[in-house]
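> I am attaching a structure below and will ask some questions about it afterwards.
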Amino acid sequence: MRSHLLNDTTAEQYRRSVTEGIERVATKLATTKRPFTGVTVDSLAPVIDAIDLDKPLHDTAAVLDELEDVYLRDAVYFHHPRYLAHLNCPVVIPAVLGEAVLSAVNSSLDTWDQSAGGTLIERKLIDWTTARIGLGPAADGVFTSGGSQSNLQALLLAREEAKTDSLAKLRIFASEVSHFSVKKSAKLLGLSADAVVSIPVDHDKRMQTVALARELERCAEAGLVPMAVVATAGTTDFGSIDPLPEIAELCGQYETWMHVDAAYGCGLLASVKYRDRVDGIERADSVTVDYHKSFFQPVSSSAVLVRDAATLRHATYHAEYLNPRRMVTERIPNQVDKSLQTTRRFDALKLWMTLRVMGADGIGQLFDEVVDLAAEGWKLLAADPRFDVVVEPSLSTLVFRYIPAAVTDPAEIDRANLYARKALFASGDAVVAGTKVAGRHYLKFTLLNPETTTADIAAVLDLIAGHAEQYLGESLDRAC
């Protein structure tokens, strides 16, 4: 079994095995005609359940053949231009190369003696990102597993910086369309059930700052402590961007930590055309970025950034076997001193490779393309009497609903939209997401693929309308 260990004696076997795997994936990418096959749980689960993991195949080619049946054939392929569902981006080749390198070397980014150059590369990328945001010379941060972890760590720091010892008094303010991880983080941080105050949004799904000011004042009058305001730069459902400068003013007035969840909208930091849409982000105390959303990176690649590096001390613990306190005075850079994680992948390498090959403008141009595409898609929807579109996009998300001419019952329209989404997914022709707006079912395009065209959008809208009409026709037949 030692022949399977990656080392100096098995380097050639490693080259052959990985090359064979890459060939299989490359062939799949080149020949995939739909984003999904439409496979069902009931048909795929028995195939996987029948595999006896205690009986290995002892042959890489045979395992890859099996993998074709249990994964590759039926995977949901985000690179396909008609995958329009969630915040999953197609990935750039330099990042995939970085993934291959980091997996083989397998550095752990918790301590210098496990990563050396990896530590310095991650730190360089943190400095690059904080400079793009404009957080100032004292800024710092660390890579994380994703936006939820970044939001959790940011709110942990805000809790520790709050001017009270009573957790029951702490309040977090976030818009009603903010990410669910805000409420989840509050619970994990031991805050009360009513700790998160939901702020209403305007017609464009942006936080209403007048309402925020009113709630901050109520908080102060009640003797409660405003722990943090979470502004969102790219909400999951609408891609809306909260009014960051106005929120920053209120945070300054009430001495409240300002966190910006830019997990989605961080692509604007590299934008050639639309950087001004996140003006005000430079005034944040902390920022979440997900490179694996709008920097075209493989999962996972995320970071939490802070204005004041000293606040990261709230995540610091010293263990004699890992990062003893003396290492601080010896100026040994251990990233575990900043992180909620201990063992941690060298995910920063993917972004490093991307920037060194493509440059920031290259990333920004790709993101600008999908922002422009969403604007064109909104025009299509706004001009199509079959659909109701919710808001004009700030980023690359479109939320809409099929509205049949002959049906007025909102519940029946709900069912038609739900059916259309499920039928489209089952066909494998396209993948779209869904959400609720004012209690009603809507559909959602999250456009992150520059290869998607307005013709693709128009074709998928026709498919959605066709499935909805089929449902309504069958429903009418049943009623008769």
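A note on labels: chains of the structure tokens are A, B, ... as shown, every chain counts residues from 1, and ligands are counted from 1 in their shown order.
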List as CSV every residue of stretch 351-458 of chain A that is in contact with stretch 94-117 of chain A, defined as an atom at most 9 Å from one of its atoms (using only C-alpha atoms), together with the nearest atom pair and the distance in Å rounded to one decimal, sorted by chain and then rising number.

residue,atom,partner,partner_atom,distance
A:Leu351,CA,A:Ala95,CA,6.2
A:Trp352,CA,A:Ala95,CA,8.0
A:Met353,CA,A:Pro94,CA,5.5
A:Thr354,CA,A:Pro94,CA,5.1
A:Leu355,CA,A:Pro94,CA,8.6
A:Arg356,CA,A:Pro94,CA,8.7
A:Val357,CA,A:Pro94,CA,6.7
A:Met358,CA,A:Pro94,CA,8.1
> With all heavy atoms retained, export the selected residues as a short mmCIF file (atom, residue, chain, number, x, y, z; two decimals), in the first residue's frame.

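result_28.cif was written with the following content:
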data_model
loop_
_atom_site.label_atom_id
_atom_site.label_comp_id
_atom_site.auth_asym_id
_atom_site.auth_seq_id
_atom_site.Cartn_x
_atom_site.Cartn_y
_atom_site.Cartn_z
N LEU A 351 -6.13 32.20 -5.72
CA LEU A 351 -6.24 33.61 -6.07
C LEU A 351 -4.90 34.17 -6.51
O LEU A 351 -4.83 34.98 -7.45
CB LEU A 351 -6.80 34.40 -4.89
CG LEU A 351 -6.99 35.90 -5.11
CD1 LEU A 351 -7.92 36.18 -6.27
CD2 LEU A 351 -7.50 36.57 -3.84
N TRP A 352 -3.83 33.74 -5.85
CA TRP A 352 -2.48 34.18 -6.22
C TRP A 352 -2.19 33.84 -7.69
O TRP A 352 -1.74 34.68 -8.46
CB TRP A 352 -1.46 33.53 -5.30
CG TRP A 352 -0.03 33.85 -5.60
CD1 TRP A 352 0.82 33.19 -6.44
CD2 TRP A 352 0.74 34.94 -5.06
NE1 TRP A 352 2.06 33.77 -6.46
CE2 TRP A 352 2.04 34.84 -5.62
CE3 TRP A 352 0.46 35.95 -4.15
CZ2 TRP A 352 3.06 35.74 -5.30
CZ3 TRP A 352 1.46 36.85 -3.82
CH2 TRP A 352 2.75 36.74 -4.40
N MET A 353 -2.45 32.59 -8.05
CA MET A 353 -2.20 32.15 -9.42
C MET A 353 -3.05 32.95 -10.41
O MET A 353 -2.58 33.34 -11.49
CB MET A 353 -2.49 30.66 -9.57
CG MET A 353 -1.58 29.75 -8.76
SD MET A 353 0.11 29.69 -9.38
CE MET A 353 -0.12 28.75 -10.89
N THR A 354 -4.29 33.22 -10.02
CA THR A 354 -5.19 33.96 -10.90
C THR A 354 -4.69 35.38 -11.15
O THR A 354 -4.65 35.86 -12.28
CB THR A 354 -6.60 34.00 -10.29
OG1 THR A 354 -7.07 32.66 -10.09
CG2 THR A 354 -7.58 34.72 -11.20
N LEU A 355 -4.30 36.05 -10.08
CA LEU A 355 -3.80 37.41 -10.22
C LEU A 355 -2.49 37.46 -11.00
O LEU A 355 -2.26 38.39 -11.79
CB LEU A 355 -3.61 38.05 -8.84
CG LEU A 355 -4.89 38.39 -8.07
CD1 LEU A 355 -4.56 38.87 -6.67
CD2 LEU A 355 -5.71 39.44 -8.82
N ARG A 356 -1.63 36.46 -10.80
CA ARG A 356 -0.34 36.48 -11.49
C ARG A 356 -0.48 36.17 -12.98
O ARG A 356 0.33 36.60 -13.79
CB ARG A 356 0.63 35.47 -10.83
CG ARG A 356 0.96 35.75 -9.38
CD ARG A 356 1.39 37.18 -9.12
NE ARG A 356 2.64 37.50 -9.78
CZ ARG A 356 2.93 38.70 -10.28
NH1 ARG A 356 2.05 39.68 -10.23
NH2 ARG A 356 4.11 38.90 -10.86
N VAL A 357 -1.54 35.42 -13.34
CA VAL A 357 -1.75 35.10 -14.76
C VAL A 357 -2.67 36.12 -15.43
O VAL A 357 -2.36 36.64 -16.50
CB VAL A 357 -2.35 33.68 -14.93
CG1 VAL A 357 -2.73 33.42 -16.38
CG2 VAL A 357 -1.35 32.62 -14.44
N MET A 358 -3.79 36.45 -14.80
CA MET A 358 -4.82 37.27 -15.42
C MET A 358 -4.76 38.74 -15.02
O MET A 358 -5.15 39.61 -15.78
CB MET A 358 -6.21 36.74 -15.07
CG MET A 358 -6.53 35.36 -15.59
SD MET A 358 -8.12 34.76 -14.95
CE MET A 358 -9.24 36.06 -15.46
#
> Write out as a list in words each polymer residue whose atoms come within 10 Å of A:Arg171, counting only C-alpha atoms; drop sequence neighbours fewer than 4 positions from it.
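Final neighbour list, sorted by chain and number: Arg159, Leu167, Ala186, Leu191, Ser192, Asp194, Ala195, Val196, Val197, Leu216, Cys219, Leu224, Val225, Pro226, Met227, Ala228 and Val229 of chain A.
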> Pick out the residues sitting within 10 Å of stretch 337-342 of chain A, and hand them over as number ranges by chain; count only C-alpha atoms, and ignore anything fewer than 5 positions along from it in its own chain.
A: 108-111, 140-145, 149-150, 152-153, 304, 309-318, 322-323, 325, 328
> Could you dump the residues just selected with C-alpha atoms as an mmCIF file, in the first residue's frame?

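Below is the file that was written, result_29.cif:
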data_model
loop_
_atom_site.group_PDB
_atom_site.id
_atom_site.type_symbol
_atom_site.label_atom_id
_atom_site.label_comp_id
_atom_site.auth_asym_id
_atom_site.auth_seq_id
_atom_site.Cartn_x
_atom_site.Cartn_y
_atom_site.Cartn_z
ATOM 1 C CA SER A 108 -1.478 23.694 6.375
ATOM 2 C CA LEU A 109 -1.793 27.434 6.867
ATOM 3 C CA ASP A 110 -2.029 27.412 10.640
ATOM 4 C CA THR A 111 1.675 27.825 11.462
ATOM 5 C CA ASP A 140 -5.436 42.734 8.401
ATOM 6 C CA GLY A 141 -7.473 39.570 7.937
ATOM 7 C CA VAL A 142 -7.371 35.877 7.245
ATOM 8 C CA PHE A 143 -8.748 33.404 4.715
ATOM 9 C CA THR A 144 -11.816 31.405 5.776
ATOM 10 C CA SER A 145 -13.986 28.565 4.513
ATOM 11 C CA GLN A 149 -17.563 31.726 8.691
ATOM 12 C CA SER A 150 -16.335 35.204 7.768
ATOM 13 C CA LEU A 152 -19.347 34.709 12.250
ATOM 14 C CA GLN A 153 -15.781 35.821 12.946
ATOM 15 C CA VAL A 304 -12.631 38.233 6.594
ATOM 16 C CA ALA A 309 -5.481 44.230 13.098
ATOM 17 C CA ALA A 310 -5.530 44.397 16.897
ATOM 18 C CA THR A 311 -9.168 43.263 16.968
ATOM 19 C CA LEU A 312 -8.122 39.861 15.622
ATOM 20 C CA ARG A 313 -6.680 39.145 19.084
ATOM 21 C CA HIS A 314 -10.176 38.043 20.085
ATOM 22 C CA ALA A 315 -9.654 34.891 17.985
ATOM 23 C CA THR A 316 -6.164 34.223 19.380
ATOM 24 C CA TYR A 317 -5.302 31.272 21.598
ATOM 25 C CA HIS A 318 -1.822 29.954 22.250
ATOM 26 C CA LEU A 322 1.532 24.701 18.079
ATOM 27 C CA ASN A 323 1.875 28.461 18.500
ATOM 28 C CA ARG A 325 3.192 32.852 23.040
ATOM 29 C CA VAL A 328 4.846 36.544 18.929
#
> So that I can check the surroundings of A:Arg415, please list as a PyMOL selection string every protein, DNA and RNA residue that reaches within 12 Å of it, counting only C-alpha atoms and ignoring chain neighbours fewer than 2 positions away.
chain A and resi 401-404+407+409-413+417-423+440-443+467-472+475
> Could you pull out all residues of stretch 393-434 of chain A with a DSSP call of strand (DSSP E or B) and give them as number ranges by chain?
A: 397-402, 431, 433-434
> Got time to write the residues from that selection, N, CA, C and O atoms, as a compact mmCIF listing (two decimals), in the first residue's frame?

# COMPACT_ATOMS: atom_id res chain seq x y z
N THR A 397 -28.14 39.56 -10.45
CA THR A 397 -29.27 38.71 -10.06
C THR A 397 -30.58 39.29 -10.59
O THR A 397 -30.81 40.49 -10.52
N LEU A 398 -31.44 38.41 -11.09
CA LEU A 398 -32.76 38.79 -11.58
C LEU A 398 -33.81 37.93 -10.88
O LEU A 398 -33.74 36.70 -10.92
N VAL A 399 -34.76 38.55 -10.23
CA VAL A 399 -35.85 37.84 -9.55
C VAL A 399 -37.14 38.18 -10.28
O VAL A 399 -37.47 39.36 -10.46
N PHE A 400 -37.86 37.15 -10.69
CA PHE A 400 -39.02 37.37 -11.55
C PHE A 400 -40.04 36.26 -11.32
O PHE A 400 -39.78 35.27 -10.65
N ARG A 401 -41.19 36.41 -11.95
CA ARG A 401 -42.30 35.48 -11.75
C ARG A 401 -43.12 35.41 -13.03
O ARG A 401 -43.41 36.44 -13.64
N TYR A 402 -43.45 34.20 -13.41
CA TYR A 402 -44.33 34.01 -14.58
C TYR A 402 -45.76 34.38 -14.19
O TYR A 402 -46.28 33.92 -13.17
N VAL A 431 -30.84 25.30 -15.23
CA VAL A 431 -31.05 25.26 -13.78
C VAL A 431 -31.24 26.69 -13.30
O VAL A 431 -30.41 27.57 -13.55
N ALA A 433 -32.95 29.16 -9.86
CA ALA A 433 -33.24 29.11 -8.43
C ALA A 433 -34.63 29.68 -8.17
O ALA A 433 -35.32 30.16 -9.08
N GLY A 434 -35.02 29.65 -6.92
CA GLY A 434 -36.31 30.19 -6.52
C GLY A 434 -36.21 30.88 -5.18
O GLY A 434 -35.28 30.64 -4.41
> Pick out the residues sitting within 8 Å of A:Asp261, and hand them over as a ChimeraX atom specification; count only C-alpha atoms, and ignore anything fewer than 6 positions along from it in its own chain.
/A:147,151,230-234,287-289
> When you draw a straight line from atom CA of A:Arg73 to atom CA of A:Asp52, how long is it in Å?
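Pair atom CA of A:Arg73 / atom CA of A:Asp52 returns 20.2 Å.
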> Report as a list in words all protein, DNA and RNA residues lying within 10 Å of A:Pro81, evaluated on only C-alpha atoms, omitting residues in the same chain fewer than 6 positions from it.
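So the residues in contact are Lys33, Arg34, Pro35, Pro90, Ala430, Val431, Leu447, Leu448, Asn449, Pro450, Glu451, Thr452, Thr453, Asp456 and Ile457 of chain A.
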> Do a neighbour search on A:Leu380 at 10 Å with only C-alpha atoms, toss out local chain neighbours closer than 6 positions, and write the hits as an MDAnalysis selection string.
chainID A and resid 374 387 389 454 457:458 461
> Return the single residue from A:Val39, A:Asp54, A:Leu64, A:Val272 that is closest to A:Ser17, with distances computed using only C-alpha atoms.
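Selected residue with least distance to A:Ser17: A:Leu64.
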> Which of these residues is nearest to A:Ser294, using only C-alpha atoms: A:Ser394, A:Val91, A:Lys436, A:Val260?
A:Val91
